[in-house]
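So this block is structure-v6.csv, CSV, C-alpha atoms:
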```csv
chain,number,residue,atom,x,y,z
L,16,MET,CA,-29.6,206.6,258.0
L,17,GLN,CA,-26.0,207.1,258.8
L,18,LYS,CA,-23.1,208.4,256.8
L,19,ARG,CA,-20.1,206.1,256.5
L,20,SER,CA,-17.8,208.8,257.8
L,21,SER,CA,-19.7,209.0,261.1
L,22,TYR,CA,-18.4,205.6,262.0
L,23,PHE,CA,-14.7,206.4,261.9
L,24,PRO,CA,-14.5,208.7,264.9
L,25,LEU,CA,-16.3,206.0,266.9
L,26,PHE,CA,-14.0,203.3,265.7
L,27,PHE,CA,-11.0,205.3,266.6
L,28,VAL,CA,-12.3,206.2,270.1
L,29,TYR,CA,-13.1,202.6,271.0
L,30,SER,CA,-9.9,201.3,269.4
L,31,ALA,CA,-7.9,203.9,271.4
L,32,LEU,CA,-9.8,202.7,274.6
L,33,SER,CA,-9.0,199.1,273.8
L,34,ILE,CA,-5.3,199.9,273.3
L,35,PHE,CA,-5.2,201.9,276.5
L,36,LEU,CA,-6.7,198.9,278.4
L,37,LEU,CA,-4.1,196.6,276.7
L,38,LEU,CA,-1.3,198.9,277.9
L,39,LEU,CA,-2.9,199.0,281.4
L,40,THR,CA,-2.9,195.2,281.4
L,41,VAL,CA,0.7,195.1,280.4
L,42,GLY,CA,1.6,197.5,283.1
L,43,GLY,CA,-0.5,195.5,285.6
L,44,ALA,CA,-2.9,198.3,286.4
L,45,SER,CA,-6.1,196.7,285.1
L,46,GLN,CA,-6.9,194.7,288.2
L,47,PRO,CA,-9.3,197.2,289.8
L,48,LEU,CA,-11.4,197.3,286.7
L,49,ARG,CA,-11.4,193.5,286.3
L,50,GLY,CA,-12.3,193.2,290.0
L,51,VAL,CA,-15.4,195.4,289.6
L,52,ILE,CA,-16.7,193.7,286.5
L,53,GLU,CA,-15.9,190.2,287.8
L,54,LYS,CA,-18.0,190.9,290.9
L,55,ILE,CA,-21.0,191.5,288.7
L,56,ILE,CA,-20.5,188.7,286.2
L,57,VAL,CA,-19.0,185.8,288.1
L,58,PRO,CA,-22.1,185.0,290.2
L,59,VAL,CA,-24.3,184.9,287.1
L,60,GLN,CA,-21.7,182.8,285.3
L,61,LYS,CA,-21.7,180.4,288.2
L,62,ASN,CA,-25.5,180.0,288.3
L,63,LEU,CA,-25.7,179.5,284.6
L,64,PHE,CA,-23.0,176.9,284.7
L,65,VAL,CA,-24.6,175.0,287.6
L,66,ALA,CA,-28.0,175.1,285.9
L,67,PHE,CA,-26.8,174.0,282.4
L,68,ALA,CA,-23.6,172.0,282.8
L,69,GLN,CA,-24.4,169.9,285.8
L,70,GLY,CA,-27.1,167.8,284.3
L,71,GLU,CA,-30.2,169.9,284.9
L,72,LYS,CA,-32.7,169.2,282.3
L,73,ASN,CA,-35.1,171.8,280.9
L,74,GLU,CA,-38.5,171.1,282.2
L,75,SER,CA,-41.7,172.0,280.4
L,76,ILE,CA,-43.6,175.1,281.4
L,77,LEU,CA,-43.6,175.3,285.2
L,78,THR,CA,-45.9,177.3,287.5
L,79,LYS,CA,-44.4,179.9,289.7
L,80,GLU,CA,-44.7,177.6,292.8
L,81,GLU,CA,-43.2,174.7,290.9
L,82,GLU,CA,-40.4,176.9,289.8
L,83,GLN,CA,-39.7,178.0,293.3
L,84,VAL,CA,-39.7,174.4,294.5
L,85,ARG,CA,-37.3,173.5,291.7
L,86,LEU,CA,-35.0,176.4,292.5
L,87,TYR,CA,-35.0,175.3,296.2
L,88,GLN,CA,-34.3,171.7,295.1
L,89,LEU,CA,-31.4,172.9,292.9
L,90,LYS,CA,-29.9,174.8,295.9
L,91,ILE,CA,-30.2,171.7,298.1
L,92,GLU,CA,-28.7,169.5,295.4
L,93,GLU,CA,-25.8,172.0,295.0
L,94,GLN,CA,-25.2,172.0,298.8
L,95,GLU,CA,-25.3,168.1,298.9
L,96,ARG,CA,-22.8,168.0,296.1
L,97,GLU,CA,-20.5,170.4,298.0
L,98,ILE,CA,-20.8,168.4,301.2
L,99,ARG,CA,-20.1,165.1,299.4
L,100,ALA,CA,-17.0,166.6,297.7
L,101,LEU,CA,-15.7,168.0,301.0
L,102,ARG,CA,-16.3,164.8,302.9
L,103,ASP,CA,-14.6,162.7,300.2
L,104,GLN,CA,-11.7,165.1,300.1
L,105,PHE,CA,-11.2,165.3,303.9
L,106,GLN,CA,-11.3,161.5,304.2
L,107,THR,CA,-8.2,161.3,302.1
L,108,THR,CA,-5.0,161.5,304.2
L,109,GLN,CA,-2.9,163.0,301.5
L,110,PRO,CA,-2.7,165.9,300.7
L,111,SER,CA,-3.4,167.3,304.2
L,112,SER,CA,-6.7,169.1,304.4
L,113,GLU,CA,-5.2,172.2,306.0
L,114,THR,CA,-3.5,173.2,302.8
L,115,LEU,CA,-6.6,172.7,300.6
L,116,LEU,CA,-8.9,175.4,299.4
L,117,PRO,CA,-12.2,174.3,297.9
L,118,ALA,CA,-13.2,176.0,294.7
L,119,GLU,CA,-16.2,175.6,292.4
L,120,VAL,CA,-15.9,174.9,288.7
L,121,ILE,CA,-17.7,177.7,286.8
L,122,GLY,CA,-16.6,177.1,283.3
L,123,PHE,CA,-14.7,175.0,280.8
L,124,GLU,CA,-12.5,176.4,278.1
L,125,SER,CA,-12.0,174.7,274.7
L,126,PHE,CA,-14.9,172.4,275.4
L,127,ILE,CA,-17.5,171.3,272.9
L,128,PRO,CA,-19.7,168.5,274.4
L,129,GLY,CA,-19.4,165.3,272.3
L,130,VAL,CA,-16.7,166.8,270.2
L,131,SER,CA,-13.8,167.9,272.3
L,132,LYS,CA,-12.8,167.5,275.9
L,133,PRO,CA,-12.0,170.5,278.1
L,134,LYS,CA,-8.5,171.7,278.2
L,135,THR,CA,-8.9,174.2,281.0
L,136,LEU,CA,-11.3,174.8,284.0
L,137,THR,CA,-12.5,178.1,285.3
L,138,LEU,CA,-12.7,178.3,289.1
L,139,ASP,CA,-14.6,180.8,291.2
L,140,LYS,CA,-11.6,181.6,293.4
L,141,GLY,CA,-8.8,184.0,292.5
L,142,SER,CA,-5.9,185.9,293.9
L,143,LYS,CA,-7.9,187.4,296.7
L,144,ASP,CA,-8.3,183.9,298.1
L,145,GLY,CA,-4.6,183.3,297.9
L,146,ILE,CA,-4.4,181.4,294.6
L,147,ARG,CA,-1.3,181.9,292.5
L,148,VAL,CA,0.0,180.7,289.2
L,149,GLY,CA,1.6,177.3,289.7
L,150,HIS,CA,-0.7,176.0,292.4
L,151,VAL,CA,-1.9,172.4,291.7
L,152,ILE,CA,-5.5,171.3,291.7
L,153,VAL,CA,-6.7,168.0,293.2
L,154,VAL,CA,-9.8,165.9,293.5
L,155,LYS,CA,-9.3,163.5,296.4
L,156,ASP,CA,-5.6,162.5,295.9
L,157,ILE,CA,-5.7,162.8,292.1
L,158,LEU,CA,-3.9,165.7,290.5
L,159,ILE,CA,-6.1,167.2,287.7
L,160,GLY,CA,-4.2,170.3,286.7
L,161,ARG,CA,-2.2,173.5,287.5
L,162,VAL,CA,-3.3,177.1,287.8
L,163,SER,CA,-2.1,179.0,284.7
L,164,ARG,CA,-3.9,182.4,284.9
L,165,VAL,CA,-5.3,184.2,287.9
L,166,SER,CA,-7.4,187.3,288.4
L,167,GLU,CA,-9.0,188.8,291.5
L,168,SER,CA,-12.0,186.5,291.6
L,169,ILE,CA,-11.4,183.7,289.1
L,170,SER,CA,-8.6,181.5,288.0
L,171,ILE,CA,-8.0,179.3,285.0
L,172,VAL,CA,-6.5,175.8,285.4
L,173,ASP,CA,-4.6,173.9,282.7
L,174,LEU,CA,-5.7,170.3,282.9
L,175,THR,CA,-3.1,167.5,282.8
L,176,THR,CA,-4.5,166.5,279.4
L,177,LYS,CA,-3.8,169.9,277.8
L,178,GLU,CA,-1.2,169.9,275.1
L,179,GLY,CA,2.0,171.4,276.6
L,180,PHE,CA,1.3,170.3,280.1
L,181,SER,CA,4.2,168.2,281.5
L,182,ILE,CA,5.2,167.0,285.0
L,183,THR,CA,7.8,164.6,286.3
L,184,ALA,CA,6.2,161.3,287.2
L,185,LYS,CA,7.0,157.8,288.5
L,186,THR,CA,5.1,154.5,288.5
L,187,SER,CA,3.8,153.2,291.8
L,188,SER,CA,5.1,149.6,291.8
L,189,THR,CA,8.3,149.8,289.8
L,190,ASN,CA,9.3,153.5,290.5
L,191,ALA,CA,10.1,154.0,286.9
L,192,LEU,CA,10.8,157.7,286.2
L,193,GLY,CA,9.4,159.6,283.3
L,194,VAL,CA,7.6,162.8,282.1
L,195,LEU,CA,3.9,162.8,281.9
L,196,LYS,CA,2.7,164.9,279.0
L,197,GLY,CA,-0.8,166.1,278.0
L,198,GLN,CA,-1.8,165.1,274.5
L,199,GLY,CA,-5.0,167.0,274.0
L,200,SER,CA,-7.4,164.5,275.3
L,201,THR,CA,-5.1,161.7,276.5
L,202,LEU,CA,-2.0,161.4,278.7
L,203,LEU,CA,1.4,160.0,277.7
L,204,LEU,CA,4.2,158.9,280.0
L,205,ASP,CA,7.3,159.7,278.0
L,206,ASN,CA,11.1,159.6,278.5
L,207,VAL,CA,11.1,156.3,280.5
L,208,VAL,CA,14.5,154.5,279.9
L,209,VAL,CA,14.1,151.1,278.3
L,210,SER,CA,15.8,149.4,281.2
L,211,GLU,CA,12.9,150.5,283.5
L,212,SER,CA,9.9,148.3,283.9
L,213,LEU,CA,6.4,149.6,283.0
L,214,LYS,CA,3.4,147.5,283.8
L,215,LYS,CA,-0.2,147.8,282.6
L,216,ASP,CA,-2.7,149.0,285.3
L,217,ASP,CA,0.2,150.4,287.4
L,218,PHE,CA,-0.6,153.9,288.9
L,219,VAL,CA,1.4,156.9,287.8
L,220,LEU,CA,2.2,159.3,290.6
L,221,THR,CA,3.9,162.7,290.8
L,222,LYS,CA,7.6,162.7,291.6
L,223,GLY,CA,7.1,165.9,293.5
L,224,SER,CA,8.6,169.4,293.0
L,225,ARG,CA,7.1,171.7,295.7
L,226,LYS,CA,8.5,175.2,296.0
L,227,GLU,CA,8.7,177.3,299.1
L,228,ASP,CA,5.9,179.6,298.0
L,229,GLY,CA,3.4,176.6,297.8
L,230,THR,CA,3.4,176.3,294.1
L,231,GLY,CA,4.4,173.0,292.4
L,232,SER,CA,3.2,169.5,293.3
L,233,PRO,CA,3.9,167.3,296.3
L,234,PRO,CA,5.0,163.7,295.7
L,235,ASP,CA,2.7,160.7,295.3
L,236,LEU,CA,-0.4,162.4,293.9
L,237,VAL,CA,-2.1,160.1,291.5
L,238,LEU,CA,-2.0,161.2,287.8
L,239,GLY,CA,-3.5,158.1,286.1
L,240,LYS,CA,-3.2,154.5,285.3
L,241,VAL,CA,-1.0,152.8,282.7
L,242,SER,CA,-3.3,151.5,279.9
L,243,SER,CA,-0.7,150.4,277.3
L,244,VAL,CA,3.1,150.3,277.0
L,245,VAL,CA,5.0,151.1,273.8
L,246,LYS,CA,8.6,149.6,273.9
L,247,LYS,CA,10.8,149.5,270.9
L,248,PRO,CA,14.2,147.7,271.2
L,249,SER,CA,15.9,150.2,268.9
L,250,SER,CA,14.7,153.2,271.0
L,251,LEU,CA,16.4,154.7,274.0
L,252,PHE,CA,13.1,155.5,275.7
L,253,GLN,CA,9.8,153.7,276.1
L,254,THR,CA,6.4,155.4,276.4
L,255,ALA,CA,3.1,154.4,278.0
L,256,GLU,CA,-0.5,155.6,277.4
L,257,ILE,CA,-2.0,156.8,280.7
L,258,GLU,CA,-5.7,156.7,281.5
L,259,SER,CA,-7.1,159.6,283.5
L,260,LEU,CA,-9.1,158.5,286.6
L,261,VAL,CA,-11.4,161.5,286.7
L,262,ASP,CA,-14.1,162.5,284.3
L,263,ILE,CA,-13.5,166.2,284.6
L,264,THR,CA,-16.9,167.2,283.0
L,265,ARG,CA,-18.7,165.7,286.0
L,266,VAL,CA,-16.6,167.4,288.7
L,267,SER,CA,-18.2,170.5,290.3
L,268,ILE,CA,-15.8,171.1,293.2
L,269,VAL,CA,-12.1,170.9,293.1
L,270,PHE,CA,-9.4,171.7,295.7
L,271,VAL,CA,-6.5,174.1,295.3
L,272,LEU,CA,-3.3,172.9,297.0
L,273,LYS,CA,-1.8,175.9,298.7
J,9,MET,CA,-36.5,200.0,274.5
J,10,VAL,CA,-37.8,196.4,274.4
J,11,LYS,CA,-35.5,195.8,271.4
J,12,ILE,CA,-32.5,197.1,273.3
J,13,LEU,CA,-33.3,195.0,276.4
J,14,PHE,CA,-33.8,192.0,274.2
J,15,LEU,CA,-30.5,192.5,272.5
J,16,PHE,CA,-28.8,193.1,275.9
J,17,PHE,CA,-30.0,189.8,277.3
J,18,PHE,CA,-29.3,188.0,274.0
J,19,PHE,CA,-25.7,189.2,273.9
J,20,PHE,CA,-25.2,188.7,277.7
J,21,PHE,CA,-26.2,185.1,277.5
J,22,ALA,CA,-24.2,184.5,274.3
J,23,ILE,CA,-21.1,185.8,276.2
J,24,LEU,CA,-21.8,183.7,279.3
J,25,PHE,CA,-22.4,180.6,277.1
J,26,GLU,CA,-19.1,181.2,275.4
J,27,ALA,CA,-17.2,181.7,278.6
J,28,SER,CA,-18.8,178.9,280.7
J,29,LEU,CA,-20.1,176.1,278.6
J,30,PHE,CA,-19.0,175.9,275.0
J,31,SER,CA,-15.8,177.4,273.6
J,32,ILE,CA,-17.5,178.7,270.5
J,33,PRO,CA,-17.4,182.4,269.8
J,34,PHE,CA,-21.2,182.8,269.8
J,35,ALA,CA,-21.1,186.6,270.1
J,36,LEU,CA,-19.1,187.0,266.8
J,37,PRO,CA,-21.7,186.0,264.2
J,38,PHE,CA,-24.5,187.9,266.1
J,39,LEU,CA,-22.4,191.0,266.2
J,40,LEU,CA,-21.5,190.7,262.5
J,41,LEU,CA,-25.1,190.1,261.6
J,42,PHE,CA,-26.4,192.9,263.7
J,43,PHE,CA,-23.9,195.4,262.2
J,44,VAL,CA,-24.6,194.4,258.6
J,45,LEU,CA,-28.4,194.5,259.1
J,46,HIS,CA,-28.6,197.6,261.3
J,47,LYS,CA,-25.5,199.6,260.7
J,48,LYS,CA,-25.9,201.7,263.8
J,49,PRO,CA,-22.8,203.4,265.4
J,50,SER,CA,-23.8,201.9,268.7
J,51,VAL,CA,-22.7,198.5,267.4
J,52,PHE,CA,-19.1,199.7,268.0
J,53,ALA,CA,-19.9,200.3,271.6
J,54,MET,CA,-21.4,196.9,271.8
J,55,ALA,CA,-18.4,195.3,270.2
J,56,PHE,CA,-16.2,197.1,272.7
J,57,ILE,CA,-18.2,196.0,275.8
J,58,ILE,CA,-18.7,192.4,274.6
J,59,GLY,CA,-15.0,192.1,274.0
J,60,LEU,CA,-14.2,193.5,277.4
J,61,ILE,CA,-16.4,191.1,279.2
J,62,LEU,CA,-15.0,188.1,277.3
J,63,ASP,CA,-11.5,189.2,278.1
J,64,ILE,CA,-12.4,189.4,281.8
J,65,LEU,CA,-14.0,186.0,281.8
J,66,HIS,CA,-11.2,184.3,279.9
J,67,ILE,CA,-8.5,186.3,281.9
J,68,ARG,CA,-7.0,187.6,278.7
J,69,PRO,CA,-5.3,191.0,278.4
J,70,LEU,CA,-8.1,193.5,278.5
J,71,GLY,CA,-9.0,195.1,275.2
J,72,MET,CA,-7.7,192.3,273.0
J,73,THR,CA,-11.0,190.9,271.9
J,74,SER,CA,-12.6,194.3,271.7
J,75,LEU,CA,-9.9,195.4,269.3
J,76,PHE,CA,-10.4,192.3,267.2
J,77,TYR,CA,-14.2,192.9,267.0
J,78,LEU,CA,-13.7,196.6,266.2
J,79,LEU,CA,-11.3,195.8,263.4
J,80,LEU,CA,-13.7,193.2,262.1
J,81,LEU,CA,-16.5,195.7,262.0
J,82,LEU,CA,-14.2,198.3,260.3
J,83,ILE,CA,-13.3,195.8,257.6
J,84,VAL,CA,-17.0,195.0,257.0
J,85,LEU,CA,-17.6,198.7,256.7
J,86,LEU,CA,-14.9,199.2,254.2
J,87,TYR,CA,-16.1,196.3,252.1
J,88,ASP,CA,-19.5,197.7,252.1
J,89,ARG,CA,-18.5,200.1,249.3
J,90,LYS,CA,-17.4,197.3,247.0
J,91,PHE,CA,-19.7,194.4,247.8
J,92,GLU,CA,-23.3,193.8,248.6
J,93,VAL,CA,-22.8,192.9,252.3
J,94,ILE,CA,-26.4,192.1,253.0
J,95,SER,CA,-26.2,188.8,251.2
J,96,PHE,CA,-25.7,185.2,252.1
J,97,PRO,CA,-22.3,184.7,250.4
J,98,PHE,CA,-20.8,187.8,252.2
J,99,LEU,CA,-22.2,186.9,255.6
J,100,ILE,CA,-21.1,183.3,255.4
J,101,GLY,CA,-17.7,184.2,254.0
J,102,ALA,CA,-17.1,187.0,256.6
J,103,THR,CA,-18.2,184.7,259.5
J,104,ALA,CA,-15.9,181.9,258.2
J,105,VAL,CA,-12.9,184.2,257.9
J,106,SER,CA,-13.4,185.9,261.2
J,107,VAL,CA,-13.9,182.6,263.0
J,108,ILE,CA,-10.5,181.4,261.5
J,109,ILE,CA,-8.7,184.5,262.7
J,110,TYR,CA,-10.4,184.3,266.1
J,111,SER,CA,-9.4,180.7,266.5
J,112,ILE,CA,-5.8,181.4,265.6
J,113,LEU,CA,-5.6,184.4,267.9
J,114,PHE,CA,-7.4,182.8,270.9
J,115,SER,CA,-6.7,179.1,270.2
J,116,THR,CA,-10.2,177.8,270.3
J,117,PRO,CA,-10.7,174.1,269.4
J,118,PHE,CA,-12.3,172.3,266.5
J,119,LEU,CA,-11.9,175.0,263.9
J,120,PHE,CA,-13.8,173.3,261.0
J,121,GLY,CA,-16.8,172.4,263.2
J,122,GLN,CA,-16.9,176.0,264.4
J,123,ILE,CA,-16.8,177.4,260.9
J,124,PHE,CA,-19.7,175.3,259.7
J,125,PHE,CA,-21.7,175.8,262.9
J,126,LEU,CA,-21.2,179.6,263.1
J,127,SER,CA,-21.6,180.2,259.4
J,128,GLY,CA,-24.8,178.2,259.5
J,129,MET,CA,-26.0,180.2,262.5
J,130,THR,CA,-25.3,183.5,260.6
J,131,ALA,CA,-27.1,182.2,257.5
J,132,GLY,CA,-30.0,181.0,259.6
J,133,GLY,CA,-30.2,184.3,261.5
J,134,PHE,CA,-30.1,186.2,258.2
J,135,PHE,CA,-32.8,184.0,256.7
J,136,ILE,CA,-35.1,184.5,259.7
J,137,TYR,CA,-34.5,188.3,259.7
J,138,GLN,CA,-35.1,188.6,256.0
J,139,LYS,CA,-38.3,186.6,256.2
J,140,PHE,CA,-39.8,188.7,259.0
J,141,PHE,CA,-38.1,192.1,258.8
J,142,LYS,CA,-37.2,192.5,255.2
J,143,LYS,CA,-38.5,196.1,255.0
J,144,GLN,CA,-36.4,197.2,257.9
J,145,VAL,CA,-33.3,195.6,256.4
J,146,GLN,CA,-33.6,197.5,253.1
J,147,SER,CA,-34.4,200.8,254.7
J,148,SER,CA,-31.7,200.7,257.4
J,149,SER,CA,-28.8,200.8,254.9
J,150,TYR,CA,-26.8,204.0,255.2
J,151,ARG,CA,-26.2,206.5,252.4
J,152,HIS,CA,-23.1,205.9,250.3
J,153,VAL,CA,-20.8,208.9,250.2
```

Structure translated into structure tokens:
Amino acid sequence: MQKRSSYFPLFFVYSALSIFLLLLTVGGASQPLRGVIEKIIVPVQKNLFVAFAQGEKNESILTKEEEQVRLYQLKIEEQEREIRALRDQFQTTQPSSETLLPAEVIGFESFIPGVSKPKTLTLDKGSKDGIRVGHVIVVKDILIGRVSRVSESISIVDLTTKEGFSITAKTSSTNALGVLKGQGSTLLLDNVVVSESLKKDDFVLTKGSRKEDGTGSPPDLVLGKVSSVVKKPSSLFQTAEIESLVDITRVSIVFVLK
Amino acid sequence: MVKILFLFFFFFFAILFEASLFSIPFALPFLLLFFVLHKKPSVFAMAFIIGLILDILHIRPLGMTSLFYLLLLLIVLLYDRKFEVISFPFLIGATAVSVIIYSILFSTPFLFGQIFFLSGMTAGGFFIYQKFFKKQVQSSSYRHV
């Protein structure tokens, strides 16, 4: 049995600790603590994600030997996936493979299967691997997002479909310029002047805005395909709905363009 | 000891599920339920640690989630004087309100679905606990002062 009053000192101690940590974060001094805890948690998170999110079904009761074989198979499957992704990526001529850093997806944020699509990805690489906020993420020659938060061992990527995401884009055949905007689960090519021509099934590519520090996107990375065009004679601009070419929930390895 | 280990693994996996697979605050209803049913001072430490791990995995400012959980527990503690907190209406209401605030603070998706799902989880958890550990629930309440 506990007295109510015995809770208050504890509440104040832990609240003070939380506020202290918040202040440390604001001052940028919380990295060592993050680094230590990340080293413990990230490997577990990675294994859990691989086991559950990448199509592994729960089997009925397994014997110890069967379980070991299953674990071995899982490891081989994971390595095969990694080799396949690397081979696919290095077969593409653009972006050049020297500037790419492979990273494993270890989590989705804002994702409820069957209800909502992921808005962000969590990667198993962070600032210690040279990742910075603003680096773009690709799969083959398709741009899928941009790094928005980085810690020592993990980074969070805003997907192109996330609300608030925008990038200058052009169409492949007509070179019509516009701004690609994330709409939550879809993509919209906006601000295309009415005089420009937009065609269904045309590819939408990045216009390119690479900075000296390696952040930003190079030109001609694929963003998606035009699925429908909305053109009103009274309006200054036309828009187009863009279909993404990657099912992000099935991707296990992505590449950071450094 | 077994109970502590069980709780540790339970919360650990709730946190990892929340951070990796589903963006639903799984740890929140369990923490609330655990606090209401057990009222142990150690729940404050748990709230602090769970919040800290979630902040690290989501790369949020450290201490933000911990502070939210601690304030939630404090509010429940203060309400305990005026309401019967070990009841379905209170637990469901408290879960719904805390999920709304959590969703606003940390912009998690599909708010209504989360409210129904997590309130249902709290109610289900409370039902199971009441059915099997009713004696402990009644005797674990602290003395009102």

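For the atom pair formed by CA of Phe56 (chain J) and CA of Ser74 (chain J), the distance is 4.7 Å, given to one decimal.
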
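When CA of Gly231 (chain L) is paired with CA of Arg147 (chain L), their separation reads 10.6 Å.
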
For region 76-90 of chain J: contacts at 10 Å, all atoms listed in the file, fewer than 4 positions along chain excluded, given as a PyMOL selection string
(chain L and resi 19+22-23+25-27+29-30+33) or (chain J and resi 35-36+39-40+43-44+47+51-56+58-59+71-72+94+98-99+102-103+105-106+109-110+113+152-153)

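Every protein, DNA or RNA residue with an atom at most 7 Å from Leu174 (chain L), where all atoms listed in the file count and chain neighbours fewer than 5 positions away do not, is listed here: Lys134, Thr135, Ile159, Gly160 and Arg161 of chain L.
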
Would you give me, as a tab-separated table (two decimals) with C-alpha atoms, in the frame of the given file, the residues of chain J that come within 6 Å of chain L, using all atoms listed in the file?
```tsv
chain	number	residue	atom	x	y	z
J	28	SER	CA	-18.80	178.90	280.70
J	29	LEU	CA	-20.10	176.10	278.60
J	30	PHE	CA	-19.00	175.90	275.00
J	31	SER	CA	-15.80	177.40	273.60
J	49	PRO	CA	-22.80	203.40	265.40
J	69	PRO	CA	-5.30	191.00	278.40
J	70	LEU	CA	-8.10	193.50	278.50
J	71	GLY	CA	-9.00	195.10	275.20
J	75	LEU	CA	-9.90	195.40	269.30
J	116	THR	CA	-10.20	177.80	270.30
J	117	PRO	CA	-10.70	174.10	269.40
J	150	TYR	CA	-26.80	204.00	255.20
J	151	ARG	CA	-26.20	206.50	252.40
```
